[in-house]
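S.K.: Quick one, start.tsv (TSV, C-alpha atoms and all ligand atoms):
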chain	number	residue	atom	x	y	z
G	709	MET	CA	103.86	99.05	122.88
G	710	GLY	CA	103.39	98.73	119.11
G	711	MET	CA	101.33	100.97	116.85
G	712	ALA	CA	99.37	100.00	113.74
G	713	GLN	CA	97.88	102.54	111.36
G	714	PHE	CA	95.16	101.46	108.91
G	715	LEU	CA	95.87	102.60	105.35
G	716	GLY	CA	92.69	101.14	103.86
G	717	HIS	CA	91.84	97.65	102.50
G	718	SER	CA	94.55	95.35	103.99
G	719	ALA	CA	97.32	97.95	104.11
G	720	PHE	CA	98.84	98.88	107.47
G	721	TYR	CA	101.80	100.85	108.73
G	722	VAL	CA	103.30	99.32	111.87
G	723	GLU	CA	105.80	101.00	114.17
G	724	GLY	CA	107.80	99.87	117.17
G	725	ASN	CA	111.37	99.63	118.41
G	726	GLY	CA	113.55	99.02	115.31
G	727	ILE	CA	110.61	98.47	112.99
G	728	ARG	CA	108.80	100.83	110.62
G	729	ALA	CA	106.87	98.41	108.45
G	730	LEU	CA	104.31	98.48	105.72
G	731	ILE	CA	102.10	95.43	105.35
G	732	ASP	CA	100.39	94.81	101.98
G	733	PRO	CA	101.02	98.38	100.76
G	734	PHE	CA	98.21	98.78	98.23
G	735	LEU	CA	98.21	102.60	98.19
G	736	SER	CA	98.06	103.86	94.56
G	737	GLY	CA	94.61	103.14	93.22
G	738	ASN	CA	93.29	102.04	96.62
G	739	PRO	CA	89.85	103.66	96.93
G	740	GLN	CA	90.08	103.23	100.73
G	741	ALA	CA	93.53	104.81	101.17
G	742	PRO	CA	93.56	107.86	103.48
G	743	GLU	CA	93.16	111.20	101.69
G	744	LYS	CA	96.51	112.27	103.04
G	745	LEU	CA	99.02	109.45	103.16
G	746	PRO	CA	101.58	109.63	105.96
G	747	GLU	CA	105.23	110.17	105.04
G	748	LEU	CA	106.39	106.62	104.34
G	749	ASN	CA	109.93	105.57	105.17
G	750	PRO	CA	109.63	101.88	106.06
G	751	ASN	CA	112.62	99.67	106.84
G	752	TYR	CA	110.49	96.56	106.23
G	753	ILE	CA	107.65	95.69	103.86
G	754	PHE	CA	105.62	92.53	104.47
G	755	VAL	CA	103.68	91.12	101.52
G	756	THR	CA	101.17	88.33	102.19
G	757	HIS	CA	100.69	87.42	98.53
G	758	ALA	CA	101.15	88.71	95.02
G	759	HIS	CA	97.62	89.90	94.20
G	760	GLN	CA	97.76	93.53	93.17
G	761	ASP	CA	95.60	94.71	96.09
G	762	HIS	CA	98.36	93.40	98.42
G	763	LEU	CA	101.67	93.60	96.53
G	764	GLY	CA	100.46	97.08	95.61
G	765	ASP	CA	103.25	99.67	95.74
G	766	ALA	CA	105.73	97.33	97.44
G	767	ILE	CA	108.20	97.38	94.55
G	768	SER	CA	108.29	101.17	94.07
G	769	VAL	CA	108.40	101.92	97.82
G	770	ALA	CA	111.17	99.35	98.37
G	771	GLN	CA	113.15	100.74	95.44
G	772	LYS	CA	112.85	104.25	96.87
G	773	THR	CA	113.54	103.44	100.53
G	774	GLY	CA	115.74	100.33	100.34
G	775	ALA	CA	113.31	98.58	102.70
G	776	THR	CA	113.70	94.83	103.16
G	777	VAL	CA	110.72	92.93	101.76
G	778	VAL	CA	109.56	89.82	103.62
G	779	ALA	CA	107.43	87.29	101.69
G	780	THR	CA	107.17	83.61	100.87
G	781	ASN	CA	110.22	82.29	99.06
G	782	GLU	CA	108.88	82.26	95.49
G	783	LEU	CA	107.54	85.80	95.71
G	784	ALA	CA	110.78	86.94	97.39
G	785	MET	CA	112.79	85.45	94.49
G	786	TYR	CA	110.56	87.27	92.01
G	787	LEU	CA	111.14	90.53	93.93
G	788	GLN	CA	114.90	89.92	94.10
G	789	GLY	CA	114.71	89.70	90.31
G	790	LYS	CA	113.35	93.26	90.39
G	791	GLY	CA	116.48	94.32	92.31
G	792	LEU	CA	114.86	94.39	95.74
G	793	ASN	CA	116.35	93.26	99.01
G	794	ALA	CA	113.88	90.47	99.83
G	795	VAL	CA	113.89	87.79	102.52
G	796	GLY	CA	112.15	84.58	101.48
G	797	MET	CA	110.55	82.60	104.30
G	798	HIS	CA	107.80	80.02	104.25
G	799	VAL	CA	104.56	79.02	105.93
G	800	GLY	CA	105.18	77.77	109.46
G	801	GLY	CA	108.67	79.22	109.54
G	802	ARG	CA	109.78	81.65	112.22
G	803	LYS	CA	112.81	83.91	111.95
G	804	ARG	CA	114.40	86.32	114.37
G	805	PHE	CA	114.93	89.88	113.14
G	806	ASP	CA	116.58	92.79	115.02
G	807	PHE	CA	113.16	94.07	116.16
G	808	GLY	CA	111.70	90.65	117.11
G	809	SER	CA	110.51	87.46	115.48
G	810	VAL	CA	108.33	86.92	112.43
G	811	LYS	CA	106.36	83.76	111.69
G	812	LEU	CA	104.54	83.02	108.44
G	813	THR	CA	101.08	81.58	108.97
G	814	ALA	CA	98.87	79.51	106.69
G	815	ALA	CA	96.40	81.28	104.40
G	816	PHE	CA	93.94	79.50	102.10
G	817	HIS	CA	93.96	81.63	98.97
G	818	GLY	CA	95.82	82.11	95.66
G	819	SER	CA	98.84	84.13	94.67
G	820	CYS	CA	100.41	84.83	91.29
G	821	VAL	CA	101.77	87.59	89.08
G	822	PHE	CA	101.10	87.89	85.35
G	823	GLU	CA	103.42	89.85	83.11
G	824	GLU	CA	102.52	90.27	79.43
G	825	ASN	CA	99.83	87.60	79.78
G	826	ALA	CA	102.34	85.03	81.07
G	827	LEU	CA	102.63	83.70	84.59
G	828	ALA	CA	105.66	85.46	86.10
G	829	CYS	CA	105.39	84.14	89.66
G	830	SER	CA	103.22	81.64	91.47
G	831	ASP	CA	103.58	81.19	95.20
G	832	THR	CA	101.80	80.22	98.40
G	833	PRO	CA	99.96	83.03	100.17
G	834	CYS	CA	100.58	83.57	103.87
G	835	GLY	CA	99.71	85.63	106.90
G	836	PHE	CA	102.23	87.19	109.29
G	837	LEU	CA	102.71	86.95	113.01
G	838	ILE	CA	105.01	89.88	113.77
G	839	GLU	CA	106.56	90.68	117.14
G	840	VAL	CA	106.61	94.42	117.82
G	841	ASP	CA	107.98	95.68	121.15
G	842	GLY	CA	107.34	92.19	122.58
G	843	LYS	CA	103.68	92.28	121.49
G	844	LYS	CA	102.26	90.10	118.72
G	845	LEU	CA	100.45	91.35	115.66
G	846	TYR	CA	98.70	88.88	113.37
G	847	HIS	CA	97.89	90.01	109.82
G	848	ALA	CA	95.83	87.21	108.28
G	849	GLY	CA	96.38	88.26	104.65
G	850	ASP	CA	93.65	87.01	102.33
G	851	THR	CA	92.30	83.72	103.63
G	852	GLY	CA	89.25	81.66	104.25
G	853	LEU	CA	88.62	80.38	107.75
G	854	THR	CA	91.12	77.63	108.54
G	855	VAL	CA	91.50	75.26	111.48
G	856	GLU	CA	95.18	76.28	111.45
G	857	MET	CA	94.01	79.50	113.12
G	858	THR	CA	93.42	77.46	116.28
G	859	LEU	CA	97.23	77.17	116.53
G	860	LEU	CA	97.42	80.92	117.06
G	861	GLU	CA	95.71	80.82	120.44
G	862	GLU	CA	98.94	79.62	122.09
G	863	GLU	CA	100.87	82.43	120.40
G	864	LYS	CA	98.88	84.92	122.52
G	865	VAL	CA	98.06	87.40	119.78
G	866	ASP	CA	97.68	91.00	120.98
G	867	LEU	CA	96.20	92.42	117.78
G	868	ALA	CA	94.55	90.42	114.97
G	869	LEU	CA	93.87	92.05	111.59
G	870	LEU	CA	91.19	89.95	109.89
G	871	PRO	CA	89.45	90.10	106.50
G	872	ILE	CA	85.66	90.29	106.76
G	873	GLY	CA	84.57	91.15	103.20
G	874	GLY	CA	83.65	87.65	101.99
G	875	HIS	CA	83.73	86.63	98.28
G	876	TYR	CA	87.55	86.12	98.23
G	877	THR	CA	88.13	85.69	101.96
G	878	MET	CA	86.33	85.07	105.25
G	879	ASP	CA	83.04	86.90	105.62
G	880	ILE	CA	81.82	88.36	108.91
G	881	MET	CA	80.44	85.06	110.23
G	882	ASP	CA	83.72	83.24	109.56
G	883	ALA	CA	85.80	86.12	110.90
G	884	VAL	CA	83.78	85.89	114.12
G	885	ARG	CA	84.67	82.18	114.25
G	886	ALA	CA	88.31	83.07	113.57
G	887	VAL	CA	88.33	85.36	116.62
G	888	GLY	CA	86.97	82.40	118.61
G	889	PHE	CA	89.93	80.32	117.41
G	890	ILE	CA	92.65	82.94	117.88
G	891	LYS	CA	91.38	84.71	121.01
G	892	PRO	CA	93.32	87.94	120.39
G	893	GLN	CA	93.28	90.86	122.82
G	894	LYS	CA	92.08	93.17	120.04
G	895	ALA	CA	90.68	92.55	116.55
G	896	VAL	CA	90.50	94.99	113.64
G	897	PRO	CA	88.45	94.19	110.51
G	898	MET	CA	90.01	94.73	107.06
G	899	HIS	CA	89.49	93.84	103.37
G	900	TYR	CA	85.93	95.17	103.07
G	901	ASN	CA	84.09	97.93	101.15
G	902	THR	CA	87.02	98.55	98.80
G	903	PHE	CA	85.19	97.01	95.84
G	904	PRO	CA	81.49	96.11	95.42
G	905	PRO	CA	81.98	92.29	95.85
G	906	ILE	CA	83.46	92.75	99.34
G	907	LYS	CA	80.83	95.08	100.78
G	908	ALA	CA	80.40	94.41	104.51
G	909	ASP	CA	79.31	96.25	107.63
G	910	PRO	CA	82.14	96.21	110.20
G	911	SER	CA	79.74	97.26	112.98
G	912	GLU	CA	78.00	93.88	112.48
G	913	PHE	CA	81.36	92.15	113.14
G	914	LYS	CA	81.76	94.22	116.31
G	915	ARG	CA	78.18	93.58	117.41
G	916	LEU	CA	78.48	89.80	116.99
G	917	LEU	CA	81.63	89.77	119.13
G	918	ASP	CA	80.26	92.10	121.80
G	919	GLY	CA	81.61	91.02	125.18
G	920	LYS	CA	83.85	88.32	123.63
G	921	ALA	CA	86.57	90.43	122.03
G	922	ASP	CA	87.71	94.02	121.83
G	923	VAL	CA	86.85	94.90	118.21
G	924	VAL	CA	88.15	98.23	117.00
G	925	ILE	CA	86.89	99.59	113.67
G	926	LEU	CA	89.54	101.84	112.14
G	927	LYS	CA	88.82	104.44	109.52
G	928	PRO	CA	91.61	104.86	106.95
G	929	GLY	CA	94.40	106.84	108.59
G	930	GLU	CA	93.42	105.89	112.15
G	931	LYS	CA	95.84	104.21	114.54
G	932	ILE	CA	95.67	101.58	117.27
G	933	ASN	CA	98.19	100.76	119.98
G	934	PHE	CA	98.76	97.16	120.97
G	1001	NI	NI	94.12	88.09	97.24
G	1002	MN	MN	92.77	90.79	98.40
Any chance you could put this one into structure tokens?
M.R.:
Amino acid sequence: MGMAQFLGHSAFYVEGNGIRALIDPFLSGNPQAPEKLPELNPNYIFVTHAHQDHLGDAISVAQKTGATVVATNELAMYLQGKGLNAVGMHVGGRKRFDFGSVKLTAAFHGSCVFEENALACSDTPCGFLIEVDGKKLYHAGDTGLTVEMTLLEEEKVDLALLPIGGHYTMDIMDAVRAVGFIKPQKAVPMHYNTFPPIKADPSEFKRLLDGKADVVILKPGEKINF
């Protein structure tokens, strides 16, 4: 059984056999981060794209812990340039790790880093399908609704983490449609209420899926087993 802990916005801590992972570790400056952050000693950090509310503290945490960062190839090269141990994969690619497999999924969004007003890195955003203790976790990253999500049904997703805030990503209506495409065992909403443009009511997401999917609304710091 895997465990996922919500750290606010799109940040999660995931634990299972051989894996202690942070996903999109936006912790400093995250208004939704738990008041008391857990002791973080990840061996992996997954970054869906380079926007600051996702790349977040990845560089400093990886420098401190030596964690391996997994990202799309261009972002991984940028992070290697910062001295990090980074594995570059790409959308549609699956790779076997000691703890299980990881597949990068399509995300319709943007991704770049600016340094001193110049573009330092431009890459393709992604989502992650991560195997934890034989169960599958899908973190959608930032994305609009895509028909590619229909491909995830055959993957038999145990836990889907889906943005619902709208404006930059799927809103509640589209996230409901995404659950219809993916058919996960459990769904957890993310990427809402952090900033005014992405205000959304997660109980509406749960209500619309009543009887069709097990929607669990996590408060920052709360955990779910999958
Ligand atoms: Ni983004
Ligand atoms: Mn975002």
S.K.: Show me which residues sit within 9 Å of ligand MN 1002 (chain G) when counting all atoms listed in the file, and put them as a count of residues only.
M.R.: 14
S.K.: Could you work out how far CA of Phe720 (chain G) lies from CA of Ser911 (chain G), giving the answer in Å with one decimal?
M.R.: 19.9 Å
S.K.: Give me the residues within 7 Å of region 778-782 of chain G as an mmCIF file with C-alpha atoms, in the frame of the given file, counting only C-alpha atoms and dropping any in the same chain fewer than 6 places off.
M.R.:
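Writing the result to around29.cif gives the following:
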data_model
loop_
_atom_site.group_PDB
_atom_site.id
_atom_site.type_symbol
_atom_site.label_atom_id
_atom_site.label_comp_id
_atom_site.auth_asym_id
_atom_site.auth_seq_id
_atom_site.Cartn_x
_atom_site.Cartn_y
_atom_site.Cartn_z
ATOM 1 C CA ILE G 753 107.650 95.690 103.860
ATOM 2 C CA PHE G 754 105.620 92.530 104.470
ATOM 3 C CA VAL G 755 103.680 91.120 101.520
ATOM 4 C CA THR G 756 101.170 88.330 102.190
ATOM 5 C CA ALA G 794 113.880 90.470 99.830
ATOM 6 C CA VAL G 795 113.890 87.790 102.520
ATOM 7 C CA GLY G 796 112.150 84.580 101.480
ATOM 8 C CA MET G 797 110.550 82.600 104.300
ATOM 9 C CA HIS G 798 107.800 80.020 104.250
ATOM 10 C CA SER G 830 103.220 81.640 91.470
ATOM 11 C CA ASP G 831 103.580 81.190 95.200
ATOM 12 C CA THR G 832 101.800 80.220 98.400
#
S.K.: Compare G:Leu783, G:Ala758, G:Leu870, G:Ile925 by their minimum atom-to-atom distance to ligand NI 1001 (chain G), counting only C-alpha atoms and all ligand atoms, and give me the closest one.
M.R.: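 Of G:Leu783, G:Ala758, G:Leu870, G:Ile925, the one nearest ligand NI 1001 (chain G), counting only C-alpha atoms and all ligand atoms, is G:Ala758.
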S.K.: In Å, with one decimal, what is the gap from CA of Pro750 (chain G) to CA of Ala775 (chain G)?
M.R.: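 For CA of Pro750 (chain G) relative to CA of Ala775 (chain G), the distance reads 6.0 Å.
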S.K.: One number please: CA of Asp765 (chain G) to CA of Pro910 (chain G), in Å, one decimal.
M.R.: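 Between CA of Asp765 (chain G) and CA of Pro910 (chain G) the gap is 25.8 Å.
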S.K.: For a quick check of understanding, using only C-alpha atoms, which of G:Lys864, G:Arg728, G:Lys927, G:His817 has the smallest distance to Tyr752 (chain G)?
M.R.: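 Of the candidates, the smallest distance to Tyr752 (chain G) is held by G:Arg728.
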S.K.: Could you tell me which of G:Val855, G:Leu867, G:Val777, G:Ala921 comes closest to Ala712 (chain G) if we count only C-alpha atoms?
M.R.: G:Leu867
S.K.: I need the residue nearest Phe934 (chain G) from this list: G:Gly789, G:Gly774, G:Pro892, G:Gly710. Use all atoms listed in the file for the distance.
M.R.: G:Gly710
S.K.: Here is a test: counting only C-alpha atoms and all ligand atoms, which residue of G:Phe836, G:Phe913, G:Tyr846, G:Phe734 is nearest to ligand NI 1001 (chain G)?
M.R.: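 Using only C-alpha atoms and all ligand atoms, ligand NI 1001 (chain G) sits closest to G:Phe734.
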S.K.: Would you please work out which residue, of G:Phe816, G:Phe805, G:Phe903, G:Phe889, is nearest to Gly726 (chain G) when using all atoms listed in the file?
M.R.: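 Among the listed residues, G:Phe805 lies closest to Gly726 (chain G).
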S.K.: Taking (91.4, 94.3, 111.4) in the file's coordinates as the center, which residues reach within 7 Å of it, counting all atoms listed in the file, put as a list in words?
M.R.: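 Those residues lying close to the given coordinates are Ala868, Leu869, Leu870, Pro871, Ala895, Val896, Pro897 and Met898 of chain G.
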